[in-house]
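K.L.:
One structure is given below, represented as structure tokens, and several questions about it will come after.
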Amino acid sequence: MTVKAGPVRSAMFQRMAIAALGALAHETRMAIFARLAQVGLEGVPAGVLAKELGLPGPTLSFHLKELDRAGLVAARRLGRKIIYTANISAMRAVIDFLAKDCAGLPVSAGR
């Protein structure tokens with residue numbers, strides 16, 4: 001089933017884009033998202049991510065929470081560790097919204 005473009009769909013994607021772009025409009029959150037995107041589906045344990053980025057645990061936790069609220073990261077428990085991954089499909093949806101609905105550019109269906 002294809003969702004047709006329209007005011008409801010557009011408003012939903014607009015809210016999603018605003019949340020995602022707002023979350024990424026911070027240097028630390030951008031660095032966190034970039035690192036998670038680089039490692040892919042394997043993800044990174046929170047402690048390792050904190051060390052790699054030189055962040056105290058509470059600071060990392062705060063920024064991960066903001067990225068999670070925007071739908072840009074996912075977390076899963078593996079034993080005692082929490083593994084974080086980037087939600088690439090959410091970022092693609094934001095990029096597609098900006099390209100198609102905002103700029104009127106064609107969006108590649110083969111991604």
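Ligands are numbered from 1 in the order shown, residues from 1 within each chain, and chains are lettered A, B, ... in the order they appear in the structure tokens.
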So which residues of chain A fall under strand (DSSP E) by DSSP, listed as a PyMOL selection string?

P.N.:
chain A and resi 44-45+73-78+81-86

K.L.:
Can you pull out every residue within 12 Å of Phe62 (chain A), counting only C-alpha atoms, but drop anything in the same chain fewer than 6 positions away, and send it as a ChimeraX atom specification?

P.N.:
/A:23,28-29,32,46,50,55-56,68-69

K.L.:
Nearest residue to Gly22 (chain A) out of A:Arg80, A:Lys100, A:His63, A:Lys51, using only C-alpha atoms?

P.N.:
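Between A:Arg80, A:Lys100, A:His63, A:Lys51, the residue approaching Gly22 (chain A) most closely is A:His63.
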
K.L.:
Using only C-alpha atoms, which of A:Ala17, A:Met12, A:Ile95, A:Val44 sits nearest Val73 (chain A)?

P.N.:
A:Val44

K.L.:
Identify which of the residues A:Ile18, A:Leu105, A:Thr85, A:Met91 lies closest to Leu49 (chain A), counting only C-alpha atoms when measuring atom-to-atom distances.

P.N.:
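With only C-alpha atoms as the atom set, the closest residue is A:Thr85.
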